[in-house]
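As provided, query_33.cif (mmCIF, C-alpha atoms) reads as follows.
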data_coords
loop_
_atom_site.group_PDB
_atom_site.id
_atom_site.type_symbol
_atom_site.label_atom_id
_atom_site.label_comp_id
_atom_site.auth_asym_id
_atom_site.auth_seq_id
_atom_site.Cartn_x
_atom_site.Cartn_y
_atom_site.Cartn_z
ATOM 1 C CA MET G 1053 -19.981 -24.817 -3.617
ATOM 2 C CA THR G 1054 -20.989 -24.749 -7.259
ATOM 3 C CA PRO G 1055 -18.985 -26.865 -9.681
ATOM 4 C CA SER G 1056 -17.445 -23.867 -11.411
ATOM 5 C CA SER G 1057 -16.325 -22.344 -8.142
ATOM 6 C CA SER G 1058 -14.111 -25.367 -7.466
ATOM 7 C CA PHE G 1059 -11.821 -24.551 -10.371
ATOM 8 C CA PRO G 1060 -8.400 -23.131 -9.644
ATOM 9 C CA ARG G 1061 -8.580 -19.452 -8.917
ATOM 10 C CA ALA G 1062 -5.489 -17.310 -8.889
ATOM 11 C CA ALA G 1063 -6.960 -15.004 -6.227
ATOM 12 C CA GLU G 1064 -6.961 -17.908 -3.804
ATOM 13 C CA GLY G 1065 -3.319 -18.780 -4.211
ATOM 14 C CA ARG G 1066 -1.027 -17.965 -7.076
ATOM 15 C CA GLY G 1067 0.861 -20.913 -8.418
ATOM 16 C CA GLU G 1068 -0.850 -23.461 -6.193
ATOM 17 C CA ALA G 1069 -0.574 -26.925 -7.687
ATOM 18 C CA ALA G 1070 -3.763 -28.757 -8.561
ATOM 19 C CA GLU G 1071 -4.485 -32.074 -6.881
ATOM 20 C CA GLY G 1072 -3.293 -35.015 -8.919
ATOM 21 C CA ARG G 1073 -0.341 -33.348 -10.598
ATOM 22 C CA GLY G 1074 2.846 -35.293 -10.958
ATOM 23 C CA VAL G 1075 1.192 -38.450 -12.254
ATOM 24 C CA ALA G 1076 2.954 -39.702 -15.344
ATOM 25 C CA ALA G 1077 1.382 -41.624 -18.186
ATOM 26 C CA GLY G 1078 2.102 -45.299 -17.745
ATOM 27 C CA THR G 1079 2.225 -46.706 -21.259
ATOM 28 C CA PRO G 1080 3.915 -45.770 -24.521
ATOM 29 C CA ALA G 1081 0.505 -45.247 -26.131
ATOM 30 C CA ALA G 1082 -0.526 -42.844 -23.434
ATOM 31 C CA ALA G 1083 2.782 -41.046 -23.617
ATOM 32 C CA GLU G 1084 2.411 -40.544 -27.350
ATOM 33 C CA SER G 1085 -0.978 -38.916 -26.915
ATOM 34 C CA ARG G 1086 0.152 -36.511 -24.236
ATOM 35 C CA VAL G 1087 0.259 -32.896 -25.295
ATOM 36 C CA GLU G 1088 0.673 -31.296 -21.896
ATOM 37 C CA PRO G 1089 4.027 -30.934 -20.207
ATOM 38 C CA ALA G 1090 5.010 -33.661 -17.755
ATOM 39 C CA GLY G 1091 3.386 -33.047 -14.403
ATOM 40 C CA MET G 1092 -0.024 -32.051 -15.720
ATOM 41 C CA PRO G 1093 -2.941 -33.985 -14.255
ATOM 42 C CA PRO G 1094 -4.627 -36.662 -16.339
ATOM 43 C CA GLY G 1095 -8.189 -36.949 -17.596
ATOM 44 C CA GLY G 1096 -8.693 -40.036 -15.469
ATOM 45 C CA PHE G 1097 -7.313 -43.509 -15.109
ATOM 46 C CA ALA G 1098 -8.063 -46.686 -17.019
ATOM 47 C CA GLU G 1099 -6.603 -49.943 -15.719
ATOM 48 C CA GLY G 1100 -4.431 -47.869 -13.435
ATOM 49 C CA ARG G 1101 -2.757 -45.845 -16.177
ATOM 50 C CA ALA G 1102 -3.206 -42.132 -16.607
ATOM 51 C CA VAL G 1103 -5.104 -40.913 -19.642
ATOM 52 C CA ALA G 1104 -4.168 -37.518 -21.068
ATOM 53 C CA ALA G 1105 -7.029 -35.027 -20.840
ATOM 54 C CA LEU G 1106 -6.090 -33.519 -24.204
ATOM 55 C CA SER G 1107 -4.725 -35.244 -27.260
ATOM 56 C CA ALA G 1108 -3.367 -33.941 -30.531
ATOM 57 C CA ALA G 1109 -3.516 -37.485 -31.919
ATOM 58 C CA PRO G 1110 -6.671 -39.448 -32.804
ATOM 59 C CA ILE G 1111 -8.420 -40.781 -29.720
ATOM 60 C CA ASP G 1112 -7.864 -44.480 -29.148
ATOM 61 C CA MET G 1113 -11.482 -45.147 -28.216
ATOM 62 C CA ALA G 1114 -11.192 -48.928 -28.394
ATOM 63 C CA GLY G 1115 -8.103 -48.845 -26.207
ATOM 64 C CA LEU G 1116 -9.726 -46.571 -23.662
ATOM 65 C CA LEU G 1117 -12.841 -48.748 -23.552
ATOM 66 C CA ALA G 1118 -10.730 -51.882 -23.157
ATOM 67 C CA GLY G 1119 -9.173 -50.282 -20.098
ATOM 68 C CA ALA G 1120 -12.497 -49.277 -18.590
ATOM 69 C CA HIS G 1121 -13.660 -52.679 -17.370
ATOM 70 C CA HIS G 1122 -13.680 -53.255 -13.644
ATOM 71 C CA PRO G 1123 -14.778 -56.263 -11.621
ATOM 72 C CA GLY G 1124 -16.960 -54.033 -9.452
ATOM 73 C CA ALA G 1125 -18.672 -52.332 -12.391
ATOM 74 C CA GLY G 1126 -21.873 -53.730 -13.838
ATOM 75 C CA ALA G 1127 -22.273 -50.795 -16.200
ATOM 76 C CA VAL G 1128 -19.916 -49.006 -18.556
ATOM 77 C CA VAL G 1129 -21.152 -45.946 -20.459
ATOM 78 C CA LEU G 1130 -19.155 -44.464 -23.333
ATOM 79 C CA PHE G 1131 -20.011 -41.128 -24.912
ATOM 80 C CA SER G 1132 -18.249 -40.202 -28.134
ATOM 81 C CA GLY G 1133 -18.691 -36.672 -29.436
ATOM 82 C CA GLU G 1134 -18.085 -36.921 -33.169
ATOM 83 C CA VAL G 1135 -17.624 -34.457 -35.990
ATOM 84 C CA ARG G 1136 -20.641 -34.241 -38.267
ATOM 85 C CA ASP G 1137 -20.589 -32.977 -41.816
ATOM 86 C CA ASN G 1138 -23.059 -30.146 -41.372
ATOM 87 C CA ASN G 1139 -24.012 -27.359 -39.030
ATOM 88 C CA ALA G 1140 -26.925 -24.929 -39.329
ATOM 89 C CA GLY G 1141 -27.483 -25.952 -42.922
ATOM 90 C CA ARG G 1142 -23.874 -25.522 -44.002
ATOM 91 C CA ALA G 1143 -21.555 -28.291 -45.164
ATOM 92 C CA VAL G 1144 -18.660 -28.755 -42.748
ATOM 93 C CA SER G 1145 -15.334 -30.149 -43.937
ATOM 94 C CA LEU G 1146 -13.559 -30.454 -40.554
ATOM 95 C CA LEU G 1147 -13.340 -29.020 -37.055
ATOM 96 C CA GLU G 1148 -10.255 -27.531 -35.493
ATOM 97 C CA TYR G 1149 -9.984 -27.400 -31.704
ATOM 98 C CA GLU G 1150 -7.908 -24.955 -29.721
ATOM 99 C CA ALA G 1151 -7.398 -25.037 -25.953
ATOM 100 C CA TYR G 1152 -5.735 -23.090 -23.223
ATOM 101 C CA ILE G 1153 -3.888 -26.284 -22.439
ATOM 102 C CA PRO G 1154 -2.750 -25.845 -18.818
ATOM 103 C CA LEU G 1155 -6.144 -24.788 -17.543
ATOM 104 C CA ALA G 1156 -8.179 -27.104 -19.781
ATOM 105 C CA THR G 1157 -6.102 -30.023 -18.580
ATOM 106 C CA SER G 1158 -6.484 -29.254 -14.901
ATOM 107 C CA MET G 1159 -10.205 -28.525 -15.292
ATOM 108 C CA ILE G 1160 -10.923 -31.815 -17.045
ATOM 109 C CA ALA G 1161 -8.994 -33.612 -14.326
ATOM 110 C CA GLU G 1162 -11.042 -31.837 -11.661
ATOM 111 C CA ILE G 1163 -14.341 -32.573 -13.430
ATOM 112 C CA VAL G 1164 -13.493 -36.268 -13.777
ATOM 113 C CA ALA G 1165 -12.313 -36.522 -10.177
ATOM 114 C CA THR G 1166 -15.450 -34.797 -8.899
ATOM 115 C CA ALA G 1167 -17.711 -37.131 -10.863
ATOM 116 C CA LYS G 1168 -15.792 -40.178 -9.714
ATOM 117 C CA GLN G 1169 -16.260 -39.209 -6.102
ATOM 118 C CA LYS G 1170 -19.871 -38.015 -6.442
ATOM 119 C CA TRP G 1171 -21.128 -41.211 -8.089
ATOM 120 C CA SER G 1172 -18.601 -43.656 -6.575
ATOM 121 C CA LEU G 1173 -17.397 -44.595 -10.051
ATOM 122 C CA LYS G 1174 -15.004 -47.470 -10.567
ATOM 123 C CA ILE G 1175 -13.570 -45.899 -13.725
ATOM 124 C CA ALA G 1176 -13.873 -42.358 -15.094
ATOM 125 C CA VAL G 1177 -11.999 -41.132 -18.146
ATOM 126 C CA ALA G 1178 -12.320 -38.116 -20.414
ATOM 127 C CA GLN G 1179 -10.154 -37.101 -23.330
ATOM 128 C CA HIS G 1180 -10.661 -34.196 -25.746
ATOM 129 C CA ARG G 1181 -8.978 -33.632 -29.083
ATOM 130 C CA ILE G 1182 -7.089 -30.525 -30.053
ATOM 131 C CA GLY G 1183 -6.028 -29.666 -33.584
ATOM 132 C CA LYS G 1184 -7.845 -30.688 -36.757
ATOM 133 C CA VAL G 1185 -10.458 -33.433 -36.502
ATOM 134 C CA ALA G 1186 -11.978 -35.024 -39.597
ATOM 135 C CA ILE G 1187 -15.647 -35.729 -40.252
ATOM 136 C CA GLY G 1188 -16.725 -38.837 -38.360
ATOM 137 C CA ASP G 1189 -13.763 -38.783 -36.019
ATOM 138 C CA THR G 1190 -14.109 -38.525 -32.264
ATOM 139 C CA ALA G 1191 -13.587 -35.066 -30.785
ATOM 140 C CA VAL G 1192 -14.221 -36.022 -27.171
ATOM 141 C CA VAL G 1193 -14.770 -39.257 -25.321
ATOM 142 C CA VAL G 1194 -16.108 -39.836 -21.819
ATOM 143 C CA ILE G 1195 -16.209 -43.286 -20.228
ATOM 144 C CA THR G 1196 -17.773 -44.000 -16.859
ATOM 145 C CA ALA G 1197 -18.063 -47.343 -15.111
ATOM 146 C CA SER G 1198 -20.047 -48.005 -11.976
ATOM 147 C CA ALA G 1199 -21.854 -50.743 -10.121
ATOM 148 C CA HIS G 1200 -25.203 -49.834 -11.721
ATOM 149 C CA ARG G 1201 -26.186 -48.035 -14.903
ATOM 150 C CA SER G 1202 -27.949 -45.033 -13.393
ATOM 151 C CA GLU G 1203 -24.745 -43.728 -11.827
ATOM 152 C CA ALA G 1204 -22.699 -44.360 -14.970
ATOM 153 C CA TYR G 1205 -25.221 -42.500 -17.159
ATOM 154 C CA ALA G 1206 -25.601 -39.567 -14.765
ATOM 155 C CA ALA G 1207 -21.878 -39.163 -14.233
ATOM 156 C CA ASN G 1208 -21.155 -39.373 -17.941
ATOM 157 C CA ARG G 1209 -23.677 -36.613 -18.676
ATOM 158 C CA TYR G 1210 -22.249 -34.485 -15.878
ATOM 159 C CA ILE G 1211 -18.714 -34.814 -17.209
ATOM 160 C CA ILE G 1212 -19.492 -34.012 -20.837
ATOM 161 C CA ASP G 1213 -21.778 -31.094 -19.934
ATOM 162 C CA ARG G 1214 -19.161 -29.480 -17.750
ATOM 163 C CA ILE G 1215 -16.372 -30.040 -20.261
ATOM 164 C CA LYS G 1216 -18.426 -28.493 -23.054
ATOM 165 C CA HIS G 1217 -19.547 -25.501 -21.018
ATOM 166 C CA GLU G 1218 -16.570 -24.776 -18.804
ATOM 167 C CA ALA G 1219 -13.246 -26.111 -20.074
ATOM 168 C CA PRO G 1220 -11.354 -23.501 -22.123
ATOM 169 C CA ILE G 1221 -11.619 -25.405 -25.395
ATOM 170 C CA TRP G 1222 -12.943 -23.909 -28.611
ATOM 171 C CA LYS G 1223 -13.870 -25.304 -31.990
ATOM 172 C CA CYS G 1224 -13.426 -23.601 -35.304
ATOM 173 C CA GLU G 1225 -15.724 -24.897 -38.007
ATOM 174 C CA HIS G 1226 -14.144 -25.202 -41.438
ATOM 175 C CA TYR G 1227 -16.818 -25.179 -44.096
ATOM 176 C CA ALA G 1228 -16.808 -26.869 -47.458
ATOM 177 C CA ASP G 1229 -16.906 -23.465 -49.192
ATOM 178 C CA GLY G 1230 -13.483 -22.613 -47.749
ATOM 179 C CA THR G 1231 -14.696 -20.254 -45.018
ATOM 180 C CA LYS G 1232 -14.327 -20.894 -41.304
ATOM 181 C CA GLU G 1233 -16.019 -19.659 -38.161
ATOM 182 C CA TRP G 1234 -15.585 -20.145 -34.430
ATOM 183 C CA GLY G 1235 -18.277 -22.492 -33.173
ATOM 184 C CA ASN G 1236 -21.305 -21.957 -31.014
ATOM 185 C CA ASN G 1237 -20.232 -20.677 -27.634
ATOM 186 C CA CYS G 1238 -21.652 -21.538 -24.300
ATOM 187 C CA ASN G 1239 -24.016 -18.620 -23.692
ATOM 188 C CA CYS G 1240 -25.288 -19.543 -20.239
ATOM 189 C CA HIS G 1241 -24.147 -16.152 -18.952
ATOM 190 C CA THR G 1242 -26.992 -14.544 -20.877
ATOM 191 C CA VAL G 1243 -29.355 -16.424 -18.545
ATOM 192 C CA THR G 1244 -27.356 -16.579 -15.303
ATOM 193 C CA GLY G 1245 -25.753 -13.132 -15.605
ATOM 194 C CA ASP G 1246 -22.371 -14.539 -14.601
ATOM 195 C CA VAL G 1247 -19.733 -15.930 -16.962
ATOM 196 C CA ASN G 1248 -18.721 -18.383 -14.217
ATOM 197 C CA LYS G 1249 -22.238 -19.768 -13.707
ATOM 198 C CA HIS G 1250 -24.010 -22.145 -16.030
ATOM 199 C CA ILE G 1251 -27.627 -23.167 -16.389
ATOM 200 C CA TYR G 1252 -27.083 -26.430 -14.560
ATOM 201 C CA ASP G 1253 -25.499 -24.536 -11.633
ATOM 202 C CA THR G 1254 -28.831 -22.867 -10.969
ATOM 203 C CA GLY G 1255 -30.985 -25.928 -11.507
ATOM 204 C CA GLY G 1256 -32.262 -24.481 -14.767
ATOM 205 C CA MET E 1260 1.485 -6.595 -18.963
ATOM 206 C CA LYS E 1261 1.313 -9.490 -21.398
ATOM 207 C CA ILE E 1262 -2.027 -10.497 -22.873
ATOM 208 C CA HIS E 1263 -2.875 -13.864 -24.435
ATOM 209 C CA VAL E 1264 -6.173 -14.373 -26.238
ATOM 210 C CA TYR E 1265 -7.828 -17.390 -27.798
ATOM 211 C CA ALA E 1266 -10.421 -18.417 -30.353
ATOM 212 C CA ARG E 1267 -12.886 -15.722 -31.441
ATOM 213 C CA LEU E 1268 -10.906 -13.045 -29.612
ATOM 214 C CA LYS E 1269 -8.201 -13.480 -32.243
ATOM 215 C CA ASP E 1270 -10.612 -11.826 -34.674
ATOM 216 C CA TYR E 1271 -10.122 -8.651 -32.595
ATOM 217 C CA PHE E 1272 -6.571 -8.853 -31.191
ATOM 218 C CA GLN E 1273 -3.242 -10.476 -31.912
ATOM 219 C CA PRO E 1274 -2.895 -13.833 -30.105
ATOM 220 C CA GLU E 1275 -0.207 -12.370 -27.847
ATOM 221 C CA PHE E 1276 0.603 -8.732 -27.222
ATOM 222 C CA GLU E 1277 1.646 -6.336 -24.495
ATOM 223 C CA VAL E 1278 -0.095 -3.328 -23.020
ATOM 224 C CA ALA E 1279 1.178 -0.592 -20.757
ATOM 225 C CA GLY E 1280 -0.172 -2.057 -17.559
ATOM 226 C CA GLU E 1281 1.144 0.256 -14.877
ATOM 227 C CA HIS E 1282 -2.306 1.822 -14.397
ATOM 228 C CA VAL E 1283 -4.338 -1.339 -14.889
ATOM 229 C CA ARG E 1284 -5.376 -2.573 -11.458
ATOM 230 C CA ASN E 1285 -8.213 -5.012 -12.230
ATOM 231 C CA THR E 1286 -10.073 -6.751 -15.038
ATOM 232 C CA ASP E 1287 -12.548 -3.908 -15.523
ATOM 233 C CA GLU E 1288 -9.683 -1.514 -16.140
ATOM 234 C CA LEU E 1289 -8.037 -4.009 -18.450
ATOM 235 C CA LYS E 1290 -11.249 -4.365 -20.458
ATOM 236 C CA ALA E 1291 -11.466 -0.590 -20.754
ATOM 237 C CA LEU E 1292 -7.899 -0.450 -22.007
ATOM 238 C CA LEU E 1293 -8.531 -3.216 -24.530
ATOM 239 C CA LEU E 1294 -11.548 -1.346 -25.864
ATOM 240 C CA THR E 1295 -9.286 1.569 -26.698
ATOM 241 C CA LEU E 1296 -7.359 -0.844 -28.912
ATOM 242 C CA ASN E 1297 -10.486 -2.234 -30.579
ATOM 243 C CA ASP E 1298 -13.852 -0.720 -29.746
ATOM 244 C CA LYS E 1299 -15.647 -3.547 -31.560
ATOM 245 C CA ALA E 1300 -14.561 -6.076 -28.927
ATOM 246 C CA GLY E 1301 -16.961 -4.922 -26.213
ATOM 247 C CA GLU E 1302 -19.567 -7.653 -26.622
ATOM 248 C CA ILE E 1303 -17.123 -10.548 -26.692
ATOM 249 C CA LEU E 1304 -15.062 -9.127 -23.814
ATOM 250 C CA SER E 1305 -18.179 -8.884 -21.653
ATOM 251 C CA SER E 1306 -18.617 -12.654 -21.898
ATOM 252 C CA CYS E 1307 -14.970 -13.583 -21.279
ATOM 253 C CA ARG E 1308 -13.257 -14.979 -18.204
ATOM 254 C CA PHE E 1309 -9.773 -13.916 -17.183
ATOM 255 C CA ALA E 1310 -6.916 -15.995 -15.810
ATOM 256 C CA VAL E 1311 -3.488 -15.364 -14.292
ATOM 257 C CA GLU E 1312 -0.993 -18.110 -13.569
ATOM 258 C CA GLU E 1313 -3.474 -20.777 -14.698
ATOM 259 C CA GLY E 1314 -6.164 -19.678 -12.266
ATOM 260 C CA PHE E 1315 -9.352 -17.723 -12.918
ATOM 261 C CA ILE E 1316 -9.523 -14.226 -11.520
ATOM 262 C CA ASP E 1317 -12.363 -11.791 -10.950
ATOM 263 C CA ASN E 1318 -12.429 -8.033 -10.706
ATOM 264 C CA GLU E 1319 -11.293 -8.171 -7.078
ATOM 265 C CA PHE E 1320 -7.968 -9.639 -8.115
ATOM 266 C CA LYS E 1321 -5.224 -6.991 -8.091
ATOM 267 C CA LEU E 1322 -3.310 -7.086 -11.341
ATOM 268 C CA ASN E 1323 0.243 -5.898 -11.640
ATOM 269 C CA GLU E 1324 2.117 -4.734 -14.700
ATOM 270 C CA TYR E 1325 4.200 -7.910 -14.850
ATOM 271 C CA ASP E 1326 1.254 -10.281 -14.996
ATOM 272 C CA THR E 1327 0.455 -12.375 -18.024
ATOM 273 C CA VAL E 1328 -3.306 -12.249 -18.373
ATOM 274 C CA VAL E 1329 -5.111 -14.906 -20.383
ATOM 275 C CA ILE E 1330 -8.499 -13.855 -21.738
ATOM 276 C CA ILE E 1331 -10.839 -16.787 -22.162
ATOM 277 C CA PRO E 1332 -13.902 -16.560 -24.417
ATOM 278 C CA PRO E 1333 -16.961 -18.735 -23.722
ATOM 279 C CA SER E 1334 -16.180 -22.397 -24.269
ATOM 280 C CA SER E 1335 -17.278 -24.260 -27.385
ATOM 281 C CA GLY E 1336 -15.651 -27.637 -26.985
ATOM 282 C CA GLY E 1337 -17.220 -31.026 -27.516
#
Please render this file's structure as C-alpha cells.
Amino acid sequence: MTPSSSFPRAAEGRGEAAEGRGVAAGTPAAAESRVEPAGMPPGGFAEGRAVAALSAAPIDMAGLLAGAHHPGAGAVVLFSGEVRDNNAGRAVSLLEYEAYIPLATSMIAEIVATAKQKWSLKIAVAQHRIGKVAIGDTAVVVITASAHRSEAYAANRYIIDRIKHEAPIWKCEHYADGTKEWGNNCNCHTVTGDVNKHIYDTGG
Amino acid sequence: MKIHVYARLKDYFQPEFEVAGEHVRNTDELKALLLTLNDKAGEILSSCRFAVEEGFIDNEFKLNEYDTVVIIPPSSGG
C-alpha cells in the first residue's frame, strides 16, 4: 500500500470515522490553538496531550519541544518551516494558508501515526498554521523523538514531505508590491501521471 | 450538487456554488460540466483531486445530485 492510498477514501465507506477521532485536547493552551471541531484527530501527542494538527494561532514551538522529551528517546529532531521574505526574486510580505480543514486534519493525523509506527518513535508531533503568517514566523513544525537519531531524522523528513505534498493545505504569497499569488504547487503528477501518487511513492 | 473549491481554483470559480447534478455520474462528467462554466479551468482541473464526505474519490465513485463535492488543487503547504 502506498502512503497516499491509506488516506480516507469515500468510495471505501462514506462517513467512516478515522482512527484516533474523539481525542480531546488536554490543556488550555492546546484548546486555544484548536481550529477543528471537537472530535477531530490530533497532529500527535506530546507529554500525553493532543496537539492540534492545524492552528490559526502562532505555533508554540517552545511549548511543543518542551513536551517532546521522553526517557526512552536519545534523539529529538525539530523541523520548523518558516516564512522567508522572498520567493523567486520577489519580496514577500507574508504568507496566508488555507486548508480543507476536516481532511487536512485527518491526513496529518494519519501521517504522524504512520511515521510513529514505522520508526517506533517515542514522540511524533506535527502542527501547521492556517491564516496569515508573518515573515520569520513558523508555518509548520514537526517534532520526532526516538531512541537514536537516524530514526528521528528519517521520520521527520517523511512527515514534512508528505504534509507538503499531500495534505490539502495551500499558501498564498502576498508580495511587497501589493499583489498576491497562490504558491508553488506539488507537481508530482506531471512525473507520476497520477494526482494521488508522488515522486517518493515511486522511489524517484 | 454542491461544489466547494479552494486556493487557485477560486481564480476560476466561486468558492461555493451549485450545479445541476442530475446527469453528473462521476468526476469526469463533473469536470466536463465545470468546463462549460469556465473553459480556462481545464489545466488546473486536470491536476485536482476530488472528495465527498471528507474522503477522496476517483472516477469510479458514483456521484449523486445531493453530494457536496470538494475539489482539491495540488497541495502547496509548508
Given a cut-off of 8 Å, which residues of chain E touch chain G, counting all atoms listed in the file, written out as a ChimeraX atom specification?
-> /E:1265-1267,1306-1308,1310-1317,1320,1331-1337
Could you dump the residues just selected with C-alpha atoms as a PDB file, in the coordinates of the input?
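File part07.pdb, as written:
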ATOM      1  CA  TYR E1265      -7.828 -17.390 -27.798  1.00  0.00           C
ATOM      2  CA  ALA E1266     -10.421 -18.417 -30.353  1.00  0.00           C
ATOM      3  CA  ARG E1267     -12.886 -15.722 -31.441  1.00  0.00           C
ATOM      4  CA  SER E1306     -18.617 -12.654 -21.898  1.00  0.00           C
ATOM      5  CA  CYS E1307     -14.970 -13.583 -21.279  1.00  0.00           C
ATOM      6  CA  ARG E1308     -13.257 -14.979 -18.204  1.00  0.00           C
ATOM      7  CA  ALA E1310      -6.916 -15.995 -15.810  1.00  0.00           C
ATOM      8  CA  VAL E1311      -3.488 -15.364 -14.292  1.00  0.00           C
ATOM      9  CA  GLU E1312      -0.993 -18.110 -13.569  1.00  0.00           C
ATOM     10  CA  GLU E1313      -3.474 -20.777 -14.698  1.00  0.00           C
ATOM     11  CA  GLY E1314      -6.164 -19.678 -12.266  1.00  0.00           C
ATOM     12  CA  PHE E1315      -9.352 -17.723 -12.918  1.00  0.00           C
ATOM     13  CA  ILE E1316      -9.523 -14.226 -11.520  1.00  0.00           C
ATOM     14  CA  ASP E1317     -12.363 -11.791 -10.950  1.00  0.00           C
ATOM     15  CA  PHE E1320      -7.968  -9.639  -8.115  1.00  0.00           C
ATOM     16  CA  ILE E1331     -10.839 -16.787 -22.162  1.00  0.00           C
ATOM     17  CA  PRO E1332     -13.902 -16.560 -24.417  1.00  0.00           C
ATOM     18  CA  PRO E1333     -16.961 -18.735 -23.722  1.00  0.00           C
ATOM     19  CA  SER E1334     -16.180 -22.397 -24.269  1.00  0.00           C
ATOM     20  CA  SER E1335     -17.278 -24.260 -27.385  1.00  0.00           C
ATOM     21  CA  GLY E1336     -15.651 -27.637 -26.985  1.00  0.00           C
ATOM     22  CA  GLY E1337     -17.220 -31.026 -27.516  1.00  0.00           C
TER      23      GLY E1337
END
For the atom pair CA of Ser1145 in chain G and CA of Ile1330 in chain E, what is the interatomic distance in Å to one decimal place?
-> 28.4 Å
Hey, what's within 12 Å of His1122 in chain G if we count only C-alpha atoms and toss same-chain stuff fewer than 5 positions away? As a tab-separated table (two decimals) with C-alpha atoms, in the frame of the given file, please?
chain	number	residue	atom	x	y	z
G	1097	PHE	CA	-7.31	-43.51	-15.11
G	1098	ALA	CA	-8.06	-46.69	-17.02
G	1099	GLU	CA	-6.60	-49.94	-15.72
G	1100	GLY	CA	-4.43	-47.87	-13.44
G	1117	LEU	CA	-12.84	-48.75	-23.55
G	1127	ALA	CA	-22.27	-50.80	-16.20
G	1128	VAL	CA	-19.92	-49.01	-18.56
G	1173	LEU	CA	-17.40	-44.60	-10.05
G	1174	LYS	CA	-15.00	-47.47	-10.57
G	1175	ILE	CA	-13.57	-45.90	-13.72
G	1176	ALA	CA	-13.87	-42.36	-15.09
G	1196	THR	CA	-17.77	-44.00	-16.86
G	1197	ALA	CA	-18.06	-47.34	-15.11
G	1198	SER	CA	-20.05	-48.00	-11.98
G	1199	ALA	CA	-21.85	-50.74	-10.12
Non-local contacts of Thr1286 in chain E (8 Å; all atoms listed in the file; under 2 positions in same chain excluded) as a ChimeraX atom specification | /E:1283-1284,1288-1290,1309,1317-1318,1320,1322
For C-alpha atoms, I'd like the residues from the last selection saved as an mmCIF file, in the frame of the given file.
data_model
loop_
_atom_site.group_PDB
_atom_site.id
_atom_site.type_symbol
_atom_site.label_atom_id
_atom_site.label_comp_id
_atom_site.auth_asym_id
_atom_site.auth_seq_id
_atom_site.Cartn_x
_atom_site.Cartn_y
_atom_site.Cartn_z
ATOM 1 C CA VAL E 1283 -4.338 -1.339 -14.889
ATOM 2 C CA ARG E 1284 -5.376 -2.573 -11.458
ATOM 3 C CA GLU E 1288 -9.683 -1.514 -16.140
ATOM 4 C CA LEU E 1289 -8.037 -4.009 -18.450
ATOM 5 C CA LYS E 1290 -11.249 -4.365 -20.458
ATOM 6 C CA PHE E 1309 -9.773 -13.916 -17.183
ATOM 7 C CA ASP E 1317 -12.363 -11.791 -10.950
ATOM 8 C CA ASN E 1318 -12.429 -8.033 -10.706
ATOM 9 C CA PHE E 1320 -7.968 -9.639 -8.115
ATOM 10 C CA LEU E 1322 -3.310 -7.086 -11.341
#
Restricting the calculation to only C-alpha atoms, which member of G:Val1129, G:Ala1207, G:Ile1251, G:Ile1187 is positioned closest to Val1144 in chain G?
->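 Closest residue, counting only C-alpha atoms: G:Ile1187.
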Mind telling me what the PyMOL selection byres ((chain E and resi 1261) around 9) catches here, as a count of residues only?
-> 15
From G:Asp1189, G:Glu1225, G:Glu1162, G:Glu1148, residue lying nearest Ile1111 in chain G [all atoms listed in the file] |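 The shortest atom-to-atom distance to Ile1111 in chain G comes from G:Asp1189.
For the pair CA of His1226 in chain G and CA of Ala1300 in chain E, the interatomic distance is 22.9 Å.
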Which residues match the PyMOL selection byres ((chain G and resi 1166) around 10) in the file above, as a list in words?
-> Pro1055, Ser1058, Ile1160, Ala1161, Glu1162, Ile1163, Val1164, Ala1165, Ala1167, Lys1168, Gln1169, Lys1170, Trp1171, Ser1172, Ala1176, Ala1207, Tyr1210 and Ile1211 of chain G
Just how far from CA of Leu1304 in chain E is CA of Leu1268 in chain E, in Å to one decimal?
-> 8.1 Å
Polymer residues at most 10 Å from (-7.1, -44.1, -29.6) by all atoms listed in the file, as a VMD selection string | chain G and resid 1081 to 1082 1085 1107 1109 to 1117 1179 1190
Result set, the PyMOL selection byres ((chain G and resi 1194) around 6) on current file, as number ranges by chain | G: 1130-1131, 1177-1178, 1193, 1195
Best match for closeness to His1282 in chain E among E:Lys1269, E:Lys1299, E:Asn1323, E:Val1264, counting only C-alpha atoms =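 Closest residue, counting only C-alpha atoms: E:Asn1323.
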Build an axis-aligned box that encloses every atom of range 1276-1293 of chain E listed in the file, pad it by 4 Å on each side, and report its centre and edge lengths in Å to one decimal, as lines of an AutoDock Vina configuration file.
center_x = -5.5
center_y = -3.5
center_z = -19.3
size_x = 22.2
size_y = 18.6
size_z = 23.8
Tell me which protein, DNA and RNA residues are within 8 Å of His1200 in chain G, counting only C-alpha atoms, leaving out same-chain ones fewer than 4 positions away, and put them as an MDAnalysis selection string.
-> chainID G and resid 1125:1127 1204
Could you pull the residues within 8 Å of Tyr1227 in chain G, counting only C-alpha atoms, minus those fewer than 2 positions along the same chain, as an MDAnalysis selection string?
-> chainID G and resid 1142:1146 1225 1229:1232
